[in-house]
Number of protein chains: 2
Amino acid sequence: MSDTGLPASLEMAWGLRERPSKGPKPGLTLDAIVTTAVQLASTEGLAAVSMVRVAKALGVSTMSLYRYVGARDELYILMQEAVTPPPPEPDPTAGWRASLTRWAHAQRAAFHRNLWLLRIPISGPPATPRSVEWMESGLSALSGTGLDEPTKLGVIMLVSGHVRSEAMLMSDLDAAYTARGLAPDDVLRRYTRTLAHLTDPERHPAVTRLLDSGELTGTEDPDADFEFGLGLILDGIEALISRGPSAGRTKPDKRAP
Amino acid sequence: MSDTGLPASLEMAWGLRERPSKGPKPGLTLDAIVTTAVQLASTEGLAAVSMVRVAKALGVSTMSLYRYVGARDELYILMQEAVTPPPPEPDPTAGWRASLTRWAHAQRAAFHRNLWLLRIPISGPPATPRSVEWMESGLSALSGTGLDEPTKLGVIMLVSGHVRSEAMLMSDLDAAYTARGLAPDDVLRRYTRTLAHLTDPERHPAVTRLLDSGELTGTEDPDADFEFGLGLILDGIEALISRGPSAGRTKPDKRAP
DNA sequence: CTCCACTGCGTAACCCATACGCGCTACTAT
DNA sequence: ATAGTAGCGCGTATGGGTTACGCAGTGGAG
């Protein structure tokens, strides 16, 4: 009946389960484990977060951790949950556009604060308290737009997809210059040079034009890039909304092929 | 001078390097290795592609592979390159919107054909022949729009970000139901039920409204979702273009803070 | 005909996740 | 009080992985 199908540690996160009070006093806390793992990820990247390393950092044996966490992937989810801040407070006076903009920026900030988040492989739909809070927050930013519910969902998924994309780019760049010992600018400069070597003005006229234009803002000014894309998306949403409340998403009624 | 900084196998992909003709005849080809790896990924997922497994499938020892490929990540890149089709032929009669739409669809199709592609961790900017071809193709779709070069780049990155996002969702869903033995629909149904259990109409009114609406098209009809998002983005681009050629991307001249 | 660049590969060092079961602890029900 | 038992930490073992290193042989270049 009330079986959520969720792992035990996640049910704890939802407050559905207490730690039992039977056996010997636990020497560890889920919190301590997750905090240590997060610290490790912040300083050495997600790849450094292995059960062995976390246990060593806590001064316990590897297998102890499995009393608290079902598997490594579960630990990853808990780490994500731990560093994800609550969504911004709703501002009833603000319109949908301002609200959604704030929502997107907050989400982006969270990713940028912990770039390793983007390295966590997603294994299923979000089922943590925080992720549902963010979903709630995003949806409610669109109340008053007259869009129907599934369309709202489509909109916030589009926006958060954009956020993820841009943050992923940052994460990649970060990984690239963490691997070698280079500065971010160096990586980009080196890349531009390499590209210039490899491209052929004949076969790649457009790329050549871009390189010749000098201003490779590609990833140089991430803020501007993000803002630019978000602006375009919001413009598209605006067009959708003003097209009338009934428009919604045209459900293509599949005719027989 | 002509040092690209690229790994040897990638330089081969660009045709910059021949296999030397000295020692004993190579018993393997890069092609054979990559093909085997791709096959393995298609049938058992990217996680099954280990040097050990690939070597075993080829009937050679593990270490032999390292004569052809510098590291596992390099093999991943070569796999990506191998399965990525060339971008669609440009159609000079088509406008930018049709061209870009075709471009996006082709890219999406490539991802959907090989969902494991999305599981490859990106470690740097794209530097393979195919990825440059796609870049070229995307940029040239926007010639005639009057946008300046960096803006064009921003636009195609936005679009391909959307493609990636949607495909990633598919890949996640796929991973979820490959892991357990469930059908895709079951995963979604189960998720909806779980979410309904966990959410509280008081704390999550908007999510509840969504769930009550019945039509959880969230990931149910991926095509429609993708089309919807792409349409919004293209609308945004259209607005940008018609705003005038000089508009470009407003470069925020950073005033002193 | 000699040289040596290049071949495949065996070995081994080093990571990792996790199943299983032991000895023990301390709460709960009697 | 006391027995029962759920829960604890952890040692051991299994089975996976990547990759450095160096050997013995090969065959084209000089």
# chains A, B, ... in the order shown; residues from 1 in each chain; ligands from 1
>>> closest_atom_pairs(of="chain B", to="chain C", cutoff="12 Å", atoms="only C-alpha atoms (C1' of nucleotides)", output="CSV")
residue,atom,partner,partner_atom,distance
B:Arg19,CA,C:DC6,C1',10.6
B:Pro20,CA,C:DC6,C1',8.4
B:Ser21,CA,C:DC6,C1',8.6
B:Lys22,CA,C:DA5,C1',6.1
B:Gly23,CA,C:DC6,C1',4.1
B:Pro24,CA,C:DT7,C1',5.2
B:Lys25,CA,C:DT7,C1',7.1
B:Pro26,CA,C:DT7,C1',6.5
B:Gly27,CA,C:DG8,C1',8.3
B:Leu28,CA,C:DG8,C1',10.0
B:Ala55,CA,C:DC9,C1',11.7
B:Gly59,CA,C:DG8,C1',11.9
B:Val60,CA,C:DG8,C1',8.4
B:Ser61,CA,C:DC9,C1',6.3
B:Thr62,CA,C:DC9,C1',8.2
B:Met63,CA,C:DC9,C1',6.6
B:Ser64,CA,C:DG8,C1',5.9
B:Leu65,CA,C:DG8,C1',9.5
B:Tyr66,CA,C:DG8,C1',10.5
B:Arg67,CA,C:DT7,C1',8.6
B:Tyr68,CA,C:DT7,C1',11.2
>>> write_last_selection(atoms="N, CA and C atoms", output="PDB file, in the first residue's frame")
ATOM      1  N   ARG B  19      49.527   5.176 -40.378  1.00  0.00           N
ATOM      2  CA  ARG B  19      50.119   4.134 -39.549  1.00  0.00           C
ATOM      3  C   ARG B  19      51.515   3.843 -40.109  1.00  0.00           C
ATOM      4  N   PRO B  20      52.521   3.836 -39.268  1.00  0.00           N
ATOM      5  CA  PRO B  20      53.886   3.614 -39.759  1.00  0.00           C
ATOM      6  C   PRO B  20      54.023   2.214 -40.345  1.00  0.00           C
ATOM      7  N   SER B  21      54.980   2.057 -41.248  1.00  0.00           N
ATOM      8  CA  SER B  21      55.044   0.802 -41.996  1.00  0.00           C
ATOM      9  C   SER B  21      56.299   0.007 -41.636  1.00  0.00           C
ATOM     10  N   LYS B  22      56.734   0.163 -40.411  1.00  0.00           N
ATOM     11  CA  LYS B  22      57.945  -0.554 -40.040  1.00  0.00           C
ATOM     12  C   LYS B  22      57.657  -1.980 -39.551  1.00  0.00           C
ATOM     13  N   GLY B  23      57.557  -2.154 -38.308  1.00  0.00           N
ATOM     14  CA  GLY B  23      57.540  -3.441 -37.621  1.00  0.00           C
ATOM     15  C   GLY B  23      56.637  -4.513 -38.213  1.00  0.00           C
ATOM     16  N   PRO B  24      56.274  -5.475 -37.414  1.00  0.00           N
ATOM     17  CA  PRO B  24      55.420  -6.572 -37.867  1.00  0.00           C
ATOM     18  C   PRO B  24      54.047  -6.059 -38.263  1.00  0.00           C
ATOM     19  N   LYS B  25      53.397  -6.798 -39.146  1.00  0.00           N
ATOM     20  CA  LYS B  25      52.081  -6.379 -39.601  1.00  0.00           C
ATOM     21  C   LYS B  25      51.115  -6.302 -38.415  1.00  0.00           C
ATOM     22  N   PRO B  26      50.389  -5.226 -38.298  1.00  0.00           N
ATOM     23  CA  PRO B  26      49.406  -5.139 -37.221  1.00  0.00           C
ATOM     24  C   PRO B  26      48.332  -6.196 -37.423  1.00  0.00           C
ATOM     25  N   GLY B  27      47.955  -6.863 -36.381  1.00  0.00           N
ATOM     26  CA  GLY B  27      46.919  -7.873 -36.494  1.00  0.00           C
ATOM     27  C   GLY B  27      45.533  -7.293 -36.342  1.00  0.00           C
ATOM     28  N   LEU B  28      45.486  -6.048 -35.937  1.00  0.00           N
ATOM     29  CA  LEU B  28      44.197  -5.408 -35.670  1.00  0.00           C
ATOM     30  C   LEU B  28      44.081  -4.118 -36.473  1.00  0.00           C
ATOM     31  N   ALA B  55      38.576  -6.535 -25.886  1.00  0.00           N
ATOM     32  CA  ALA B  55      39.673  -7.417 -26.284  1.00  0.00           C
ATOM     33  C   ALA B  55      39.186  -8.860 -26.368  1.00  0.00           C
ATOM     34  N   GLY B  59      39.185 -11.464 -29.472  1.00  0.00           N
ATOM     35  CA  GLY B  59      40.081 -12.597 -29.372  1.00  0.00           C
ATOM     36  C   GLY B  59      41.545 -12.208 -29.245  1.00  0.00           C
ATOM     37  N   VAL B  60      41.785 -11.031 -28.703  1.00  0.00           N
ATOM     38  CA  VAL B  60      43.177 -10.617 -28.475  1.00  0.00           C
ATOM     39  C   VAL B  60      43.354 -10.301 -26.994  1.00  0.00           C
ATOM     40  N   SER B  61      44.565 -10.024 -26.610  1.00  0.00           N
ATOM     41  CA  SER B  61      44.784  -9.693 -25.212  1.00  0.00           C
ATOM     42  C   SER B  61      44.408  -8.231 -24.958  1.00  0.00           C
ATOM     43  N   THR B  62      44.152  -7.957 -23.712  1.00  0.00           N
ATOM     44  CA  THR B  62      43.721  -6.602 -23.359  1.00  0.00           C
ATOM     45  C   THR B  62      44.730  -5.547 -23.803  1.00  0.00           C
ATOM     46  N   MET B  63      45.980  -5.811 -23.494  1.00  0.00           N
ATOM     47  CA  MET B  63      46.982  -4.782 -23.717  1.00  0.00           C
ATOM     48  C   MET B  63      47.247  -4.483 -25.187  1.00  0.00           C
ATOM     49  N   SER B  64      46.870  -5.406 -26.040  1.00  0.00           N
ATOM     50  CA  SER B  64      47.051  -5.139 -27.469  1.00  0.00           C
ATOM     51  C   SER B  64      46.316  -3.872 -27.879  1.00  0.00           C
ATOM     52  N   LEU B  65      45.168  -3.670 -27.291  1.00  0.00           N
ATOM     53  CA  LEU B  65      44.351  -2.532 -27.696  1.00  0.00           C
ATOM     54  C   LEU B  65      45.083  -1.210 -27.508  1.00  0.00           C
ATOM     55  N   TYR B  66      45.940  -1.189 -26.504  1.00  0.00           N
ATOM     56  CA  TYR B  66      46.607   0.076 -26.209  1.00  0.00           C
ATOM     57  C   TYR B  66      47.650   0.450 -27.263  1.00  0.00           C
ATOM     58  N   ARG B  67      47.918  -0.455 -28.176  1.00  0.00           N
ATOM     59  CA  ARG B  67      48.767  -0.085 -29.304  1.00  0.00           C
ATOM     60  C   ARG B  67      47.992   0.776 -30.294  1.00  0.00           C
ATOM     61  N   TYR B  68      46.682   0.765 -30.179  1.00  0.00           N
ATOM     62  CA  TYR B  68      45.848   1.482 -31.155  1.00  0.00           C
ATOM     63  C   TYR B  68      45.134   2.669 -30.529  1.00  0.00           C
TER      64      TYR B  68
END
>>> interface_residues(of="chain D", to="chain A", cutoff="8 Å", atoms="only C-alpha atoms (C1' of nucleotides)", output="ChimeraX atom specification")
/D:6-10
>>> residues_around(residues="B:Phe226", least_positions_apart="6", cutoff="10 Å", atoms="only C-alpha atoms (C1' of nucleotides)", output="list in words")
Gly154 and Leu158 of chain A; His105, Arg108, His162, Val163, Ser165, Glu166, Ala167 and Thr219 of chain B
>>> write_last_selection(atoms="N, CA and C atoms", output="PDB file, in the first residue's frame")
ATOM      1  N   GLY A 154       6.018  20.926 -19.730  1.00  0.00           N
ATOM      2  CA  GLY A 154       6.915  21.007 -20.875  1.00  0.00           C
ATOM      3  C   GLY A 154       7.769  22.259 -20.824  1.00  0.00           C
ATOM      4  N   LEU A 158      11.827  22.418 -20.432  1.00  0.00           N
ATOM      5  CA  LEU A 158      12.637  23.084 -21.447  1.00  0.00           C
ATOM      6  C   LEU A 158      13.634  24.033 -20.798  1.00  0.00           C
TER       7      LEU A 158
ATOM      8  N   HIS B 105      16.523  17.751 -36.079  1.00  0.00           N
ATOM      9  CA  HIS B 105      15.925  16.424 -36.155  1.00  0.00           C
ATOM     10  C   HIS B 105      16.958  15.355 -36.472  1.00  0.00           C
ATOM     11  N   ARG B 108      18.971  14.675 -33.420  1.00  0.00           N
ATOM     12  CA  ARG B 108      18.190  13.905 -32.468  1.00  0.00           C
ATOM     13  C   ARG B 108      18.102  12.442 -32.889  1.00  0.00           C
ATOM     14  N   HIS B 162      19.156  21.680 -26.567  1.00  0.00           N
ATOM     15  CA  HIS B 162      17.796  21.150 -26.442  1.00  0.00           C
ATOM     16  C   HIS B 162      17.735  19.710 -26.928  1.00  0.00           C
ATOM     17  N   VAL B 163      18.375  19.458 -28.044  1.00  0.00           N
ATOM     18  CA  VAL B 163      18.406  18.090 -28.579  1.00  0.00           C
ATOM     19  C   VAL B 163      19.007  17.141 -27.551  1.00  0.00           C
ATOM     20  N   SER B 165      19.289  17.511 -24.359  1.00  0.00           N
ATOM     21  CA  SER B 165      18.452  17.390 -23.168  1.00  0.00           C
ATOM     22  C   SER B 165      17.374  16.340 -23.356  1.00  0.00           C
ATOM     23  N   GLU B 166      16.685  16.463 -24.458  1.00  0.00           N
ATOM     24  CA  GLU B 166      15.581  15.534 -24.678  1.00  0.00           C
ATOM     25  C   GLU B 166      16.103  14.111 -24.845  1.00  0.00           C
ATOM     26  N   ALA B 167      17.183  13.983 -25.584  1.00  0.00           N
ATOM     27  CA  ALA B 167      17.736  12.646 -25.798  1.00  0.00           C
ATOM     28  C   ALA B 167      18.249  12.060 -24.481  1.00  0.00           C
ATOM     29  N   THR B 219       6.881  12.464 -20.266  1.00  0.00           N
ATOM     30  CA  THR B 219       7.839  11.801 -21.123  1.00  0.00           C
ATOM     31  C   THR B 219       7.114  10.728 -21.922  1.00  0.00           C
TER      32      THR B 219
END
>>> residues_around(residues="stretch 197-214 of chain A", least_positions_apart="2", cutoff="8 Å", atoms="only C-alpha atoms (C1' of nucleotides)", output="ChimeraX atom specification")
/A:192-195,216 /B:2,4,14,132-133,135-136,139-140,149-150
>>> write_last_selection(atoms="N, CA and C atoms", output="tab-separated table (two decimals), in the first residue's frame")
chain	number	residue	atom	x	y	z
A	192	THR	N	40.80	26.91	-29.68
A	192	THR	CA	40.61	27.74	-30.86
A	192	THR	C	41.74	27.57	-31.85
A	193	ARG	N	42.94	27.50	-31.34
A	193	ARG	CA	44.09	27.33	-32.20
A	193	ARG	C	44.02	25.98	-32.93
A	194	THR	N	43.72	24.95	-32.15
A	194	THR	CA	43.60	23.61	-32.74
A	194	THR	C	42.55	23.60	-33.84
A	195	LEU	N	41.42	24.19	-33.54
A	195	LEU	CA	40.33	24.22	-34.51
A	195	LEU	C	40.76	24.94	-35.78
A	216	LEU	N	35.31	34.98	-30.15
A	216	LEU	CA	34.82	33.65	-29.87
A	216	LEU	C	34.18	33.66	-28.50
B	2	SER	N	52.83	22.26	-36.25
B	2	SER	CA	51.61	21.54	-36.60
B	2	SER	C	51.21	20.57	-35.50
B	4	THR	N	48.95	19.43	-32.93
B	4	THR	CA	47.55	19.71	-32.63
B	4	THR	C	47.23	19.51	-31.16
B	14	TRP	N	41.59	12.61	-38.47
B	14	TRP	CA	41.65	13.79	-39.31
B	14	TRP	C	42.51	13.54	-40.56
B	132	VAL	N	32.90	18.85	-36.13
B	132	VAL	CA	33.13	20.12	-36.82
B	132	VAL	C	32.20	20.24	-38.03
B	133	GLU	N	31.98	19.13	-38.69
B	133	GLU	CA	31.03	19.14	-39.81
B	133	GLU	C	29.64	19.60	-39.36
B	135	MET	N	28.96	21.39	-36.79
B	135	MET	CA	29.05	22.80	-36.44
B	135	MET	C	28.94	23.65	-37.70
B	136	GLU	N	29.70	23.25	-38.69
B	136	GLU	CA	29.66	23.94	-39.97
B	136	GLU	C	28.23	23.96	-40.52
B	139	LEU	N	25.96	26.30	-38.51
B	139	LEU	CA	26.25	27.71	-38.75
B	139	LEU	C	25.74	28.13	-40.13
B	140	SER	N	25.96	27.27	-41.11
B	140	SER	CA	25.60	27.67	-42.46
B	140	SER	C	24.08	27.72	-42.64
B	149	GLU	N	28.46	36.37	-36.21
B	149	GLU	CA	28.97	35.00	-36.04
B	149	GLU	C	28.84	34.45	-34.62
B	150	PRO	N	29.26	35.18	-33.61
B	150	PRO	CA	29.13	34.61	-32.26
B	150	PRO	C	27.67	34.33	-31.90
>>> residues_around(residues="A:Ile77", least_positions_apart="3", cutoff="12 Å", atoms="only C-alpha atoms (C1' of nucleotides)", output="JSON, numbers by chain")
{"A": [6, 7, 9, 10, 13, 34, 37, 38, 69, 70, 71, 72, 73, 74, 80, 81, 82, 83, 84, 117, 118, 119, 120, 121, 122, 123, 124, 125, 126, 127, 128, 129, 130, 131]}
>>> closest_residue(among="B:Gly138, B:Gln107, B:Glu11, B:Asp223", to="B:Met157", atoms="only C-alpha atoms")
B:Gly138
>>> select_by_dssp(residues="stretch 35-256 of chain B", states="helix (DSSP H, G or I)", output="PyMOL selection string")
chain B and resi 35-44+46-48+51-58+62-67+72-83+96-113+115-119+129-141+149-179+184-198+205-212+222-242
>>> write_last_selection(atoms="C-alpha atoms", output="short mmCIF file (atom, residue, chain, number, x, y, z; two decimals), in the first residue's frame")
data_model
loop_
_atom_site.label_atom_id
_atom_site.label_comp_id
_atom_site.auth_asym_id
_atom_site.auth_seq_id
_atom_site.Cartn_x
_atom_site.Cartn_y
_atom_site.Cartn_z
CA THR B 35 33.23 -1.47 -34.48
CA THR B 36 33.41 -4.16 -31.84
CA ALA B 37 33.12 -1.59 -29.09
CA VAL B 38 30.10 -0.03 -30.75
CA GLN B 39 28.43 -3.39 -31.09
CA LEU B 40 29.02 -4.06 -27.44
CA ALA B 41 27.58 -0.70 -26.48
CA SER B 42 24.50 -1.23 -28.63
CA THR B 43 23.64 -4.56 -27.12
CA GLU B 44 24.78 -4.19 -23.54
CA LEU B 46 28.20 1.72 -22.60
CA ALA B 47 29.09 0.28 -19.21
CA ALA B 48 29.85 -3.04 -20.90
CA MET B 51 39.05 -2.79 -22.56
CA VAL B 52 38.82 -6.29 -21.22
CA ARG B 53 35.48 -7.00 -22.84
CA VAL B 54 36.43 -5.49 -26.17
CA ALA B 55 39.67 -7.42 -26.28
CA LYS B 56 37.90 -10.62 -25.38
CA ALA B 57 35.35 -10.08 -28.13
CA LEU B 58 38.18 -9.59 -30.62
CA THR B 62 43.72 -6.60 -23.36
CA MET B 63 46.98 -4.78 -23.72
CA SER B 64 47.05 -5.14 -27.47
CA LEU B 65 44.35 -2.53 -27.70
CA TYR B 66 46.61 0.08 -26.21
CA ARG B 67 48.77 -0.09 -29.30
CA ARG B 72 39.49 4.10 -22.77
CA ASP B 73 38.11 7.60 -23.04
CA GLU B 74 39.80 7.94 -26.38
CA LEU B 75 37.99 4.83 -27.53
CA TYR B 76 34.73 6.42 -26.45
CA ILE B 77 35.41 9.44 -28.61
CA LEU B 78 36.22 7.24 -31.57
CA MET B 79 33.00 5.32 -31.03
CA GLN B 80 31.07 8.55 -31.04
CA GLU B 81 32.77 9.62 -34.22
CA ALA B 82 32.06 6.27 -35.82
CA VAL B 83 28.31 6.27 -35.28
CA TRP B 96 16.87 29.16 -41.95
CA ARG B 97 13.96 27.80 -39.97
CA ALA B 98 13.46 24.75 -42.12
CA SER B 99 17.19 24.15 -42.29
CA LEU B 100 17.69 24.41 -38.57
CA THR B 101 14.70 22.19 -37.94
CA ARG B 102 16.09 19.54 -40.21
CA TRP B 103 19.47 19.89 -38.55
CA ALA B 104 17.97 19.42 -35.10
CA HIS B 105 15.92 16.42 -36.16
CA ALA B 106 18.88 14.71 -37.75
CA GLN B 107 20.95 15.24 -34.65
CA ARG B 108 18.19 13.90 -32.47
CA ALA B 109 17.76 10.85 -34.67
CA ALA B 110 21.45 10.08 -34.32
CA PHE B 111 21.19 10.15 -30.55
CA HIS B 112 18.06 8.05 -30.50
CA ARG B 113 19.67 5.47 -32.71
CA LEU B 115 21.28 6.09 -26.79
CA TRP B 116 24.54 5.05 -25.17
CA LEU B 117 26.12 8.12 -26.79
CA LEU B 118 24.58 10.23 -24.07
CA ARG B 119 26.41 8.19 -21.44
CA PRO B 129 35.89 15.79 -38.01
CA ARG B 130 32.24 14.90 -37.61
CA SER B 131 31.55 17.33 -34.83
CA VAL B 132 33.13 20.12 -36.82
CA GLU B 133 31.03 19.14 -39.81
CA TRP B 134 27.91 19.45 -37.71
CA MET B 135 29.05 22.80 -36.44
CA GLU B 136 29.66 23.94 -39.97
CA SER B 137 26.28 22.69 -41.04
CA GLY B 138 24.50 24.41 -38.19
CA LEU B 139 26.25 27.71 -38.75
CA SER B 140 25.60 27.67 -42.46
CA ALA B 141 21.91 27.08 -41.84
CA GLU B 149 28.97 35.00 -36.04
CA PRO B 150 29.13 34.61 -32.26
CA THR B 151 25.36 34.95 -32.11
CA LYS B 152 24.97 32.21 -34.67
CA LEU B 153 27.15 30.02 -32.52
CA GLY B 154 24.99 30.81 -29.52
CA VAL B 155 21.90 29.84 -31.45
CA ILE B 156 23.13 26.47 -32.61
CA MET B 157 24.48 25.68 -29.18
CA LEU B 158 21.08 26.46 -27.77
CA VAL B 159 19.36 24.19 -30.24
CA SER B 160 21.79 21.35 -29.85
CA GLY B 161 21.50 21.74 -26.10
CA HIS B 162 17.80 21.15 -26.44
CA VAL B 163 18.41 18.09 -28.58
CA ARG B 164 20.82 16.71 -26.04
CA SER B 165 18.45 17.39 -23.17
CA GLU B 166 15.58 15.53 -24.68
CA ALA B 167 17.74 12.65 -25.80
CA MET B 168 19.29 12.45 -22.36
CA LEU B 169 15.82 12.07 -20.90
CA MET B 170 15.24 9.15 -23.23
CA SER B 171 18.56 7.67 -22.31
CA ASP B 172 17.76 7.93 -18.62
CA LEU B 173 14.40 6.32 -19.07
CA ASP B 174 16.02 3.62 -21.11
CA ALA B 175 18.61 3.01 -18.42
CA ALA B 176 15.88 2.85 -15.80
CA TYR B 177 13.94 0.13 -17.51
CA THR B 178 16.98 -1.75 -18.68
CA ALA B 179 18.20 -1.96 -15.11
CA PRO B 184 8.97 1.89 -20.38
CA ASP B 185 5.33 2.52 -19.65
CA ASP B 186 5.58 0.65 -16.39
CA VAL B 187 8.45 2.81 -15.23
CA LEU B 188 6.47 5.92 -15.92
CA ARG B 189 3.31 4.60 -14.32
CA ARG B 190 5.21 3.51 -11.26
CA TYR B 191 6.84 6.89 -11.03
CA THR B 192 3.55 8.73 -11.24
CA ARG B 193 2.13 6.59 -8.51
CA THR B 194 5.15 7.14 -6.28
CA LEU B 195 4.98 10.85 -6.85
CA ALA B 196 1.31 10.86 -5.96
CA HIS B 197 2.13 9.13 -2.69
CA LEU B 198 4.90 11.50 -1.79
CA PRO B 205 -0.54 22.29 -5.01
CA ALA B 206 0.87 22.76 -8.48
CA VAL B 207 2.31 19.27 -8.71
CA THR B 208 -0.94 17.86 -7.42
CA ARG B 209 -2.82 19.80 -10.06
CA LEU B 210 -0.52 18.34 -12.67
CA LEU B 211 -1.02 14.80 -11.43
CA ASP B 212 -4.77 15.30 -11.22
CA PRO B 222 8.78 12.26 -26.48
CA ASP B 223 8.29 13.41 -30.04
CA ALA B 224 5.63 15.88 -29.08
CA ASP B 225 7.71 17.14 -26.18
CA PHE B 226 10.71 17.66 -28.38
CA GLU B 227 8.73 19.39 -31.09
CA PHE B 228 7.12 21.63 -28.54
CA GLY B 229 10.42 22.79 -27.11
CA LEU B 230 12.03 23.19 -30.48
CA GLY B 231 9.11 25.25 -31.67
CA LEU B 232 9.43 27.60 -28.74
CA ILE B 233 13.13 28.03 -29.30
CA LEU B 234 12.69 28.67 -33.01
CA ASP B 235 10.02 31.24 -32.22
CA GLY B 236 12.51 32.96 -29.97
CA ILE B 237 15.12 32.94 -32.71
CA GLU B 238 12.63 34.29 -35.18
CA ALA B 239 11.90 37.18 -32.85
CA LEU B 240 15.61 37.85 -32.55
CA ILE B 241 16.16 37.87 -36.28
CA SER B 242 13.23 40.07 -37.08
#
>>> closest_residue(among="A:Glu89, A:Arg243, A:Met12, A:Glu215", to="chain B", atoms="only C-alpha atoms")
A:Glu215
>>> atom_distance(atom1="atom CA of A:Asp31", atom2="atom CA of A:Pro85")
15.8 Å
>>> atom_distance(atom1="atom CA of A:Pro92", atom2="atom CA of A:Asp148")
19.6 Å
>>> closest_residue(among="B:Ala32, B:Val49, B:Ala8, B:Leu16", to="chain A", atoms="only C-alpha atoms")
B:Leu16
